[in-house]
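Next comes model09.cif, a file with mmCIF, C-alpha atoms and all ligand atoms.
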```cif
data_coords
loop_
_atom_site.label_atom_id
_atom_site.label_comp_id
_atom_site.auth_asym_id
_atom_site.auth_seq_id
_atom_site.Cartn_x
_atom_site.Cartn_y
_atom_site.Cartn_z
CA MET C 1 -5.29 -5.75 -15.35
CA ARG C 2 -1.52 -5.84 -15.41
CA PRO C 3 -0.32 -9.28 -16.49
CA ARG C 4 2.43 -10.84 -14.45
CA PRO C 5 5.11 -12.73 -16.33
CA ALA C 6 5.48 -16.28 -15.13
CA LEU C 7 9.22 -16.05 -15.36
CA LEU C 8 11.01 -12.97 -14.17
CA ALA C 9 14.49 -12.03 -15.17
CA VAL C 10 16.82 -12.05 -12.18
CA LEU C 11 20.07 -10.29 -11.59
CA THR C 12 23.08 -12.38 -10.93
CA SER C 13 24.25 -12.31 -7.34
CA LEU C 14 26.93 -9.80 -8.31
CA ALA C 15 24.47 -7.36 -9.84
CA ALA C 16 22.05 -7.94 -7.00
CA ALA C 17 24.75 -7.06 -4.52
CA ALA C 18 25.44 -3.84 -6.40
CA LEU C 19 21.73 -3.07 -6.31
CA ALA C 20 21.59 -3.85 -2.59
CA MET C 21 24.34 -1.35 -1.87
CA SER C 22 22.74 1.45 -3.83
CA SER C 23 20.72 4.35 -2.48
CA ALA C 24 17.67 3.71 -0.39
CA VAL C 25 14.43 5.46 -1.35
CA ALA C 26 14.92 5.76 -5.08
CA ALA C 27 16.21 2.45 -6.35
CA PRO C 28 18.17 2.67 -9.57
CA ALA C 29 17.11 0.85 -12.67
CA PRO C 30 19.49 -1.84 -13.89
CA SER C 31 21.81 -0.34 -16.47
CA ALA C 32 22.24 -1.62 -19.98
CA ASP C 33 25.61 -3.01 -18.91
CA ASN C 34 24.38 -5.20 -16.13
CA ALA C 35 21.28 -6.07 -18.13
CA THR C 36 23.55 -8.35 -20.13
CA THR C 37 24.15 -10.35 -16.96
CA LEU C 38 20.43 -11.00 -16.45
CA VAL C 39 19.52 -14.64 -16.34
CA ALA C 40 16.12 -16.23 -16.08
CA ALA C 41 15.22 -17.25 -12.53
CA THR C 42 12.14 -19.12 -11.61
CA ASP C 43 9.67 -17.28 -9.40
CA THR C 44 6.90 -19.81 -9.17
CA ASP C 45 4.60 -17.75 -6.95
CA GLY C 46 5.22 -14.38 -8.63
CA ASP C 47 6.16 -12.51 -5.44
CA SER C 48 9.43 -11.28 -7.06
CA LEU C 49 11.51 -13.43 -4.70
CA PRO C 50 13.18 -16.16 -6.79
CA ASP C 51 12.54 -19.77 -5.82
CA THR C 52 16.23 -20.20 -5.03
CA TRP C 53 16.10 -17.41 -2.43
CA GLU C 54 12.92 -18.76 -0.88
CA THR C 55 14.30 -22.31 -0.79
CA ASN C 56 17.97 -21.81 0.05
CA GLY C 57 18.21 -18.24 1.34
CA TYR C 58 19.61 -15.11 -0.28
CA ASP C 59 23.36 -14.58 -0.59
CA ALA C 60 23.55 -10.85 -1.26
CA ASN C 61 27.28 -10.58 -1.98
CA GLY C 62 27.94 -13.94 -3.58
CA ASP C 63 30.42 -15.15 -0.97
CA GLY C 64 28.62 -18.42 -0.47
CA VAL C 65 27.16 -17.39 2.89
CA VAL C 66 23.43 -16.82 3.15
CA ASP C 67 22.74 -13.25 4.29
CA VAL C 68 18.94 -13.32 4.44
CA ASP C 69 17.61 -16.72 5.46
CA LEU C 70 14.22 -16.57 3.81
CA PRO C 71 13.15 -20.16 4.55
CA ALA C 72 13.99 -19.68 8.23
CA MET C 73 11.83 -16.54 8.14
CA GLY C 74 8.91 -18.52 6.80
CA ALA C 75 9.13 -17.84 3.06
CA ASN C 76 7.52 -20.35 0.74
CA PRO C 77 8.37 -20.57 -2.98
CA LYS C 78 4.78 -21.54 -3.71
CA LYS C 79 3.04 -18.80 -1.73
CA LYS C 80 3.31 -15.03 -2.11
CA ASP C 81 5.42 -13.48 0.64
CA LEU C 82 5.89 -9.81 1.51
CA PHE C 83 8.60 -8.78 3.98
CA VAL C 84 8.54 -5.44 5.82
CA GLU C 85 11.13 -4.24 8.34
CA MET C 86 9.58 -1.74 10.73
CA ASP C 87 11.68 0.73 12.69
CA TYR C 88 9.93 3.08 15.06
CA MET C 89 10.23 6.20 17.13
CA SER C 90 9.37 5.96 20.81
CA GLY C 91 5.66 5.42 21.35
CA ARG C 92 4.86 5.17 17.65
CA LEU C 93 5.05 1.43 16.92
CA ALA C 94 1.60 -0.05 16.28
CA SER C 95 0.20 -2.45 18.86
CA THR C 96 0.35 -6.21 18.48
CA ALA C 97 -3.41 -6.17 17.86
CA ALA C 98 -2.92 -3.71 15.00
CA LEU C 99 -0.13 -5.82 13.51
CA ASP C 100 -2.41 -8.86 13.76
CA ARG C 101 -5.02 -6.97 11.76
CA ILE C 102 -2.50 -6.03 9.06
CA VAL C 103 -1.46 -9.66 8.75
CA GLN C 104 -5.09 -10.68 8.42
CA VAL C 105 -5.76 -8.13 5.65
CA PHE C 106 -3.08 -9.82 3.55
CA ALA C 107 -3.85 -13.37 4.65
CA SER C 108 -7.46 -12.98 3.52
CA ALA C 109 -6.60 -11.42 0.17
CA PRO C 110 -8.30 -12.99 -2.85
CA VAL C 111 -4.93 -13.80 -4.40
CA SER C 112 -4.25 -17.37 -5.48
CA ASN C 113 -1.02 -19.26 -4.88
CA PRO C 114 0.62 -22.27 -6.57
CA ASP C 115 0.27 -24.25 -3.31
CA GLY C 116 -3.51 -23.98 -3.63
CA THR C 117 -4.00 -21.44 -0.88
CA THR C 118 -5.22 -17.89 -1.20
CA GLY C 119 -3.76 -14.79 0.40
CA VAL C 120 -0.43 -13.10 0.83
CA LYS C 121 1.80 -13.92 3.78
CA ILE C 122 3.14 -10.65 5.13
CA HIS C 123 6.15 -10.88 7.43
CA LEU C 124 6.36 -7.86 9.75
CA ASP C 125 9.66 -7.38 11.57
CA ALA C 126 9.48 -5.16 14.65
CA GLY C 127 12.53 -6.72 16.25
CA ALA C 128 11.93 -7.72 19.85
CA ALA C 129 9.28 -5.09 20.56
CA ARG C 130 6.16 -7.12 19.69
CA GLY C 131 7.12 -10.67 20.54
CA ALA C 132 8.38 -13.62 18.55
CA ALA C 133 5.62 -13.48 15.94
CA TYR C 134 6.91 -10.10 14.76
CA ASN C 135 10.62 -10.57 15.34
CA LEU C 136 12.83 -11.36 12.37
CA GLY C 137 15.78 -9.62 13.99
CA GLY C 138 15.65 -6.35 12.09
CA GLY C 139 13.23 -3.81 13.57
CA ASN C 140 14.50 -1.38 16.19
CA GLU C 141 13.76 1.94 17.81
CA VAL C 142 15.30 4.96 16.08
CA THR C 143 16.05 8.42 17.41
CA TYR C 144 12.92 10.49 17.91
CA ASP C 145 12.51 13.22 15.30
CA ASP C 146 9.10 14.90 15.35
CA ASP C 147 9.58 16.25 11.82
CA LEU C 148 11.42 14.26 9.14
CA ASN C 149 12.35 17.22 7.01
CA PRO C 150 13.25 16.87 4.21
CA SER C 151 11.46 13.57 4.42
CA ALA C 152 13.22 11.60 1.70
CA THR C 153 16.70 12.62 2.85
CA GLN C 154 16.05 11.96 6.50
CA THR C 155 14.22 8.71 5.86
CA ASN C 156 17.13 7.54 3.73
CA ALA C 157 19.59 8.45 6.47
CA ILE C 158 17.67 6.51 9.11
CA LYS C 159 17.32 3.60 6.72
CA ALA C 160 21.03 3.57 5.94
CA ALA C 161 21.90 3.44 9.63
CA ASN C 162 19.29 0.91 10.74
CA PHE C 163 18.62 -1.47 7.87
CA ALA C 164 21.00 -4.20 6.72
CA ALA C 165 22.03 -3.59 3.10
CA ALA C 166 21.66 -7.29 2.34
CA ARG C 167 17.95 -7.03 3.12
CA LYS C 168 17.19 -4.50 0.38
CA ALA C 169 16.33 -7.13 -2.19
CA VAL C 170 13.95 -8.88 0.19
CA PHE C 171 12.41 -6.41 2.65
CA HIS C 172 10.37 -3.28 2.28
CA TYR C 173 11.48 -0.74 4.88
CA MET C 174 9.25 1.58 6.89
CA ILE C 175 9.37 3.87 9.90
CA TRP C 176 6.62 4.50 12.42
CA GLY C 177 7.32 8.23 12.88
CA ASP C 178 5.63 11.45 14.02
CA SER C 179 5.39 13.96 11.15
CA TYR C 180 7.33 15.07 8.08
CA ASP C 181 8.14 18.07 5.89
CA GLY C 182 6.67 20.51 8.36
CA GLY C 183 3.13 19.31 7.69
CA CYS C 184 0.48 16.99 9.06
CA SER C 185 0.30 14.37 6.34
CA SER C 186 -0.45 10.84 7.52
CA GLY C 187 2.38 9.16 5.65
CA GLN C 188 4.54 9.01 2.59
CA ALA C 189 5.66 6.33 0.15
CA PHE C 190 7.86 8.55 -2.05
CA ASN C 191 7.17 6.62 -5.28
CA ILE C 192 4.73 4.12 -6.80
CA PRO C 193 5.82 1.37 -6.63
CA ASN C 194 8.63 1.54 -4.10
CA ASP C 195 10.44 -0.25 -1.29
CA THR C 196 10.23 2.38 1.47
CA PHE C 197 7.49 4.27 3.29
CA ILE C 198 6.74 6.12 6.51
CA VAL C 199 3.62 6.29 8.69
CA THR C 200 3.39 9.65 10.44
CA VAL C 201 0.24 9.84 12.50
CA GLY C 202 2.09 11.10 15.55
CA PRO C 203 1.36 13.53 18.37
CA LYS C 204 2.92 16.59 16.69
CA CYS C 205 -0.25 17.12 14.68
CA GLY C 206 -2.59 15.72 17.32
CA TRP C 207 -3.47 12.51 15.50
CA ASN C 208 -4.08 10.49 18.69
CA ALA C 209 -3.57 7.45 16.50
CA THR C 210 -5.75 4.45 17.24
CA ASP C 211 -5.26 0.93 15.93
CA ASP C 212 -7.62 1.92 13.10
CA THR C 213 -5.46 4.94 12.21
CA ASN C 214 -2.29 2.86 12.26
CA VAL C 215 -3.71 -0.09 10.34
CA GLY C 216 -5.38 2.07 7.67
CA THR C 217 -2.35 4.24 7.10
CA PHE C 218 0.16 1.38 7.12
CA VAL C 219 -1.89 -0.61 4.60
CA HIS C 220 -2.40 2.54 2.50
CA GLU C 221 1.29 3.47 2.32
CA LEU C 222 2.39 -0.11 1.75
CA GLY C 223 -0.22 -0.14 -1.01
CA HIS C 224 1.74 2.56 -2.83
CA ASN C 225 4.88 0.43 -2.46
CA ILE C 226 3.07 -2.41 -4.22
CA GLY C 227 1.80 -0.27 -7.05
CA LEU C 228 -1.57 1.08 -5.92
CA LYS C 229 -2.82 4.63 -6.48
CA HIS C 230 -5.40 6.92 -4.88
CA GLY C 231 -7.78 6.32 -7.77
CA GLY C 232 -6.85 2.78 -8.74
CA THR C 233 -6.28 3.18 -12.44
CA ASP C 234 -5.51 6.88 -12.00
CA ASN C 235 -4.93 9.44 -9.25
CA LEU C 236 -8.47 10.75 -8.80
CA ASN C 237 -9.33 10.57 -5.11
CA TYR C 238 -12.62 10.05 -3.25
CA LYS C 239 -14.23 7.88 -5.93
CA PRO C 240 -17.29 6.26 -4.30
CA ASN C 241 -16.91 3.13 -6.44
CA TYR C 242 -13.27 2.62 -5.39
CA LEU C 243 -13.76 0.51 -2.28
CA SER C 244 -10.21 0.53 -0.97
CA VAL C 245 -8.13 2.02 1.83
CA MET C 246 -6.15 3.59 -1.03
CA ASN C 247 -9.13 5.97 -1.33
CA TYR C 248 -8.95 8.77 1.26
CA SER C 249 -12.64 8.26 1.97
CA PHE C 250 -11.69 4.92 3.55
CA GLN C 251 -8.02 5.13 4.62
CA LEU C 252 -8.66 6.20 8.19
CA GLY C 253 -12.20 4.98 8.74
CA GLY C 254 -12.11 1.73 6.82
CA VAL C 255 -14.09 0.55 3.81
CA LEU C 256 -17.70 0.41 4.97
CA LYS C 257 -19.50 -2.91 4.58
CA SER C 258 -23.27 -3.05 4.32
CA ASP C 259 -23.40 -5.33 7.39
CA GLY C 260 -21.91 -2.53 9.49
CA THR C 261 -18.39 -3.95 9.68
CA LYS C 262 -15.33 -2.28 8.23
CA TYR C 263 -12.70 -3.60 5.86
CA TRP C 264 -9.13 -2.32 6.11
CA GLY C 265 -7.68 -3.61 2.88
CA TYR C 266 -7.48 -3.09 -0.85
CA SER C 267 -10.44 -3.33 -3.18
CA ASN C 268 -11.40 -6.76 -4.42
CA VAL C 269 -14.23 -5.65 -6.68
CA GLN C 270 -14.43 -3.21 -9.58
CA PRO C 271 -17.92 -1.69 -9.58
CA THR C 272 -19.17 -0.04 -12.73
CA SER C 273 -17.71 3.34 -13.72
CA ILE C 274 -19.61 6.53 -12.88
CA ASN C 275 -19.85 9.25 -15.49
CA GLU C 276 -20.08 12.51 -13.57
CA ALA C 277 -21.58 14.21 -16.64
CA ARG C 278 -24.72 12.12 -16.21
CA PRO C 279 -24.49 9.75 -13.24
CA ASP C 280 -27.39 7.32 -12.92
CA GLU C 281 -28.65 7.63 -9.36
CA THR C 282 -31.08 4.77 -9.78
CA VAL C 283 -28.37 2.09 -9.95
CA GLY C 284 -26.05 3.25 -7.17
CA LEU C 285 -22.78 1.35 -7.52
CA GLY C 286 -24.50 -1.51 -9.32
CA SER C 287 -24.57 -5.15 -8.25
CA LEU C 288 -20.94 -5.21 -7.03
CA GLY C 289 -21.82 -2.55 -4.47
CA ALA C 290 -24.15 -4.96 -2.70
CA GLY C 291 -21.80 -5.81 0.16
CA TYR C 292 -20.76 -2.23 0.80
CA LYS C 293 -21.84 1.19 1.86
CA THR C 294 -20.01 4.12 0.32
CA SER C 295 -19.25 7.82 0.75
CA TRP C 296 -19.34 10.64 -1.78
CA LYS C 297 -19.13 14.43 -2.02
CA CYS C 298 -22.08 16.78 -2.32
CA PRO C 299 -21.99 20.02 -4.36
CA ASN C 300 -21.49 22.01 -1.13
CA GLY C 301 -18.36 20.00 -0.35
CA SER C 302 -19.83 17.93 2.45
CA THR C 303 -19.36 14.17 2.61
CA ARG C 304 -22.30 11.77 2.62
CA THR C 305 -22.44 8.08 3.37
CA THR C 306 -25.16 5.70 2.23
CA ALA C 307 -27.44 4.39 4.94
CA GLY C 308 -27.58 0.95 3.38
CA ALA C 309 -26.00 -1.16 0.67
CA ALA C 310 -24.46 0.75 -2.21
CA ASN C 311 -26.25 -1.26 -4.90
CA GLN C 312 -29.35 0.73 -3.95
CA PRO C 313 -30.12 4.13 -5.53
CA ILE C 314 -27.81 6.93 -4.36
CA ASP C 315 -28.51 10.67 -4.37
CA TRP C 316 -25.28 11.65 -6.11
CA ASN C 317 -26.20 15.33 -6.48
CA CYS C 318 -27.65 15.57 -2.95
CA ASP C 319 -30.91 17.19 -4.09
CA GLY C 320 -33.11 14.91 -2.03
CA ASP C 321 -34.13 12.32 -4.62
CA THR C 322 -32.46 9.26 -6.13
CA THR C 323 -34.06 9.48 -9.55
CA ASP C 324 -31.65 11.71 -11.52
CA THR C 325 -30.03 10.10 -14.53
CA THR C 326 -28.87 13.01 -16.67
CA THR C 327 -27.82 15.70 -14.16
CA ALA C 328 -24.09 16.34 -13.85
CA ALA C 329 -22.59 16.00 -10.37
CA ASP C 330 -19.05 16.35 -9.04
CA ILE C 331 -19.26 13.19 -6.97
CA ASN C 332 -15.61 13.01 -5.86
CA GLY C 333 -15.38 16.71 -5.03
CA ASP C 334 -12.42 17.59 -7.27
CA LYS C 335 -14.28 20.33 -9.14
CA THR C 336 -13.92 18.52 -12.44
CA THR C 337 -16.29 16.30 -14.38
CA SER C 338 -14.75 12.91 -15.01
CA ILE C 339 -15.56 9.29 -15.54
CA LEU C 340 -14.79 7.68 -12.18
CA ILE C 341 -13.21 4.31 -12.89
CA ALA C 342 -12.74 1.82 -10.07
CA GLN C 343 -10.12 -0.90 -9.75
CA ASN C 344 -9.80 -4.33 -8.24
CA ASN C 345 -6.57 -3.61 -6.33
CA TRP C 346 -5.72 -7.18 -5.47
CA ALA C 347 -5.73 -8.11 -9.15
CA ASN C 348 -3.19 -5.38 -9.83
CA ILE C 349 -0.63 -5.74 -7.04
CA VAL C 350 2.98 -5.18 -8.12
CA PHE C 351 5.49 -7.26 -6.20
CA GLY C 352 9.10 -6.14 -6.35
CA GLY C 353 8.91 -2.35 -6.13
CA GLY C 354 12.14 -0.41 -5.74
CA ALA C 355 15.09 -2.63 -4.88
CA VAL C 356 12.89 -5.49 -3.71
CA GLY C 357 12.95 -8.65 -5.76
CA GLY C 358 15.17 -10.62 -8.02
CA GLY C 359 15.73 -8.02 -10.67
CA THR C 360 12.52 -7.47 -12.57
CA THR C 361 12.42 -5.01 -15.41
CA PRO C 362 12.58 -1.35 -14.32
CA ARG C 363 9.17 -0.07 -13.40
CA THR C 364 7.73 3.29 -14.29
CA LYS C 365 7.34 5.25 -11.10
CA THR C 366 4.72 7.77 -10.14
CA PRO C 367 6.62 10.68 -8.57
CA ALA C 368 6.12 12.12 -5.14
CA SER C 369 4.11 15.08 -6.48
CA GLU C 370 1.12 12.74 -6.63
CA LEU C 371 1.70 11.59 -3.10
CA HIS C 372 0.53 14.44 -0.92
CA GLU C 373 -1.23 12.33 1.66
CA ILE C 374 -4.37 12.98 3.67
CA THR C 375 -3.73 15.44 6.47
CA HIS C 376 -5.01 15.64 10.00
CA ASP C 377 -7.15 18.68 9.15
CA GLU C 378 -8.73 16.85 6.21
CA TRP C 379 -9.53 13.84 8.38
CA VAL C 380 -11.07 15.97 11.13
CA SER C 381 -13.13 17.78 8.51
CA MET C 382 -14.40 14.48 7.06
CA GLN C 383 -15.45 13.24 10.50
CA HIS C 384 -17.46 16.36 11.26
CA GLN C 385 -19.65 16.18 8.16
CA CA C 401 8.84 -16.36 -5.19
CA CA C 402 7.02 -16.85 -1.73
CA CA C 403 -30.62 13.36 -6.73
CA CA C 404 -15.26 15.10 -10.11
ZN ZN C 405 -1.51 7.82 -0.57
#
```
Take the structure in the file and give it back as structure tokens.
Amino acid sequence: MRPRPALLAVLTSLAAAALAMSSAVAAPAPSADNATTLVAATDTDGDSLPDTWETNGYDANGDGVVDVDLPAMGANPKKKDLFVEMDYMSGRLASTAALDRIVQVFASAPVSNPDGTTGVKIHLDAGAARGAAYNLGGGNEVTYDDDLNPSATQTNAIKAANFAAARKAVFHYMIWGDSYDGGCSSGQAFNIPNDTFIVTVGPKCGWNATDDTNVGTFVHELGHNIGLKHGGTDNLNYKPNYLSVMNYSFQLGGVLKSDGTKYWGYSNVQPTSINEARPDETVGLGSLGAGYKTSWKCPNGSTRTTAGAANQPIDWNCDGDTTDTTTAADINGDKTTSILIAQNNWANIVFGGGAVGGGTTPRTKTPASELHEITHDEWVSMQHQ
């Protein structure tokens, strides 16, 4: 678990303004020079937005005029808030029903707040396109480009032209687009953590995106922005004990609950690790798997899903029994033998990625090389197994 400091250092308004005017996707770390101007600012709820911003609004350039009126936008200094401006290409913006589902994923998060509530309040800004509930005056349609290529450069250019610089310390920025970099990847977050991402489940690659596709991919890419990886503690994908939309097994189809429903959020349990050198089929995912089903990879590369709850025995090596305890099996299909470690995502959320927040210490970023996202072909293949 990554401890969160109760008090976060905050840039002065001058340094924050400099940060707000800097480049978009890759936010610079504060330099040693401006580090001397850091002062302690109270962030009671730990969402990286200082109490003063959440109470009085954020004055990006220090001219005494509030530029981002956080209290008017519903921020609360005693409850975790997450702001996301959403621009969109024609036909790509998620439906109101999908946005409602995203809000609910965060609202129901097992994250405690100083005001006694649980959950994260996510503020999605689609401008006028999805009604007052999703209009904070920032989202807008952008010029249709069926291939953002190169993705970082073109995303930055759209961001620079459509996103108020004063918002950079408060809002994550995303684009509902079509495709990028000449491929069929579902999205991109550029860094972990970060302040910018794109969702690209558009028609160019034949995604035929449903609300499920849009919700799963949005929550997945935003998850990278707030520090989450494909393997939780590491980058190993398709771990059956990692019950999160950050896992490709569940990004587009949801995390499977044992009652037949689906969950479209981050993991809130950390089931026991699985040693692929000698996985114990008799215990399945252990007691924490009780509320879930799960999926895993067989030696022939096919994907299997449990029929019932994942705390029951599971045939990890797909040989027809659930009694093996010492037979090696490549359960996540990466052709290596590893110890598959799960993570409770919600306990490890990082607020304040990229330029967002009141000047926390520079964060180590996971580079884009780790962020080749699930493609349309991979998703079709998973569905047909
Ligand atoms: Ca705060
Ligand atoms: Ca707050
Ligand atoms: Ca077996
Ligand atoms: Ca493996
Ligand atoms: Zn990803």
Residues of chain C that have any atom at most 10 Å from an atom of ligand CA 401 (chain C): could you tabulate them with the shortest-distance atom pair and the distance in Å to one decimal, using all atoms listed in the file, ordered by chain and increasing number, as a tab-separated table?
```
residue	atom	partner	partner_atom	distance
C:Leu8	CA	C:CA401	CA	9.8
C:Ala41	CA	C:CA401	CA	9.8
C:Thr42	CA	C:CA401	CA	7.7
C:Asp43	CA	C:CA401	CA	4.4
C:Thr44	CA	C:CA401	CA	5.6
C:Asp45	CA	C:CA401	CA	4.8
C:Gly46	CA	C:CA401	CA	5.4
C:Asp47	CA	C:CA401	CA	4.7
C:Ser48	CA	C:CA401	CA	5.4
C:Leu49	CA	C:CA401	CA	4.0
C:Pro50	CA	C:CA401	CA	4.6
C:Asp51	CA	C:CA401	CA	5.1
C:Thr52	CA	C:CA401	CA	8.3
C:Trp53	CA	C:CA401	CA	7.8
C:Glu54	CA	C:CA401	CA	6.4
C:Thr55	CA	C:CA401	CA	9.2
C:Ala75	CA	C:CA401	CA	8.4
C:Asn76	CA	C:CA401	CA	7.3
C:Pro77	CA	C:CA401	CA	4.8
C:Lys78	CA	C:CA401	CA	6.7
C:Lys79	CA	C:CA401	CA	7.2
C:Lys80	CA	C:CA401	CA	6.5
C:Asp81	CA	C:CA401	CA	7.3
C:Leu82	CA	C:CA401	CA	9.8
C:Phe351	CA	C:CA401	CA	9.7
C:Gly357	CA	C:CA401	CA	8.8
C:Gly358	CA	C:CA401	CA	9.0
```
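Closest approach to ligand CA 404 (chain C) from the set C:Leu236, C:Val84, C:Val142, C:Ile226 is made by C:Leu236, with distances taken over only C-alpha atoms and all ligand atoms.
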Practice task
Excluding Lys257 (chain C) and residues on its chain fewer than 3 positions from it, collect all residues at most 8 Å away from it, counting all atoms listed in the file, and give them as a PyMOL selection string.
Solution key: chain C and resi 260-263+291-293+309
Exercise for the section: Throw together the list of residues within 6 Å of ligand CA 403 (chain C), counting all atoms listed in the file, and drop it here as a list in words. Expected result: Asp315, Trp316, Asn317, Cys318, Asp319, Gly320, Asp321, Thr322, Thr323 and Asp324 of chain C
Any chance you could work out the axis-aligned box around region 110-124 of chain C, listed atoms only, 4 Å on each side, giving centre and edge lengths in Å to one decimal, as JSON?
```
{"center_x": -1.0, "center_y": -16.1, "center_z": 1.6, "size_x": 22.7, "size_y": 24.4, "size_z": 24.3}
```
Practice task
Could you please give me, as a ChimeraX atom specification, the residues of protein, DNA or RNA lying at most 9 Å from (-23.0, 13.0, -20.1) in the coordinate frame of the file, considering all atoms listed in the file?
Solution key: /C:275-279,326-328
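Take CA of Val105 (chain C) and CA of Gly265 (chain C): the distance between them is 5.6 Å.
Each of C:Ala347, C:Ile274, C:Val170, C:Met246 was checked against ligand CA 402 (chain C) using all atoms listed in the file; the smallest atom-to-atom distance is that of C:Val170.
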Completion exercise
The residue from C:Trp346, C:Val255, C:Asn156, C:Ala169 with the smallest atom-to-atom distance to Gly119 (chain C), counting all atoms listed in the file, is C:Trp346
Practice task
Quick one: everything within 10 Å of Asp147 (chain C), counting only C-alpha atoms, minus sequence neighbours fewer than 2 positions away in the same chain. Send it as a PyMOL selection string.
Solution key: chain C and resi 144-145+149-151+154+177-184+200+202+204
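Atom pair CA of Thr143 (chain C) / CA of Met89 (chain C): separated by 6.2 Å.
In this comparison, which uses all atoms listed in the file, the residue of C:Val356, C:Leu93, C:Ala342, C:Val269 approaching Val199 (chain C) most closely is C:Leu93.
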Handout entry: Answer as a count of residues only, residues within 12 Å of (-6.4, -9.0, 6.4) using only C-alpha atoms
Key = 28
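Nearest residue to ligand CA 402 (chain C), choosing from C:Arg92, C:His123, C:Arg167, C:His376 and counting all atoms listed in the file: C:His123.
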Practice task
Can you pull out every residue within 8 Å of Met174 (chain C), counting only C-alpha atoms, but drop anything in the same chain fewer than 3 positions away, and send it as JSON, numbers by chain?
Solution key: {"C": [84, 85, 86, 87, 196, 197, 198, 199]}
Export of prior selection with C-alpha atoms as a compact mmCIF listing (two decimals), in the coordinates of the input:
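Full text of part-v3.txt as output:
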```txt
# COMPACT_ATOMS: atom_id res chain seq x y z
CA VAL C 84 8.54 -5.44 5.82
CA GLU C 85 11.13 -4.24 8.34
CA MET C 86 9.58 -1.74 10.73
CA ASP C 87 11.68 0.73 12.69
CA THR C 196 10.23 2.38 1.47
CA PHE C 197 7.49 4.27 3.29
CA ILE C 198 6.74 6.12 6.51
CA VAL C 199 3.62 6.29 8.69
```
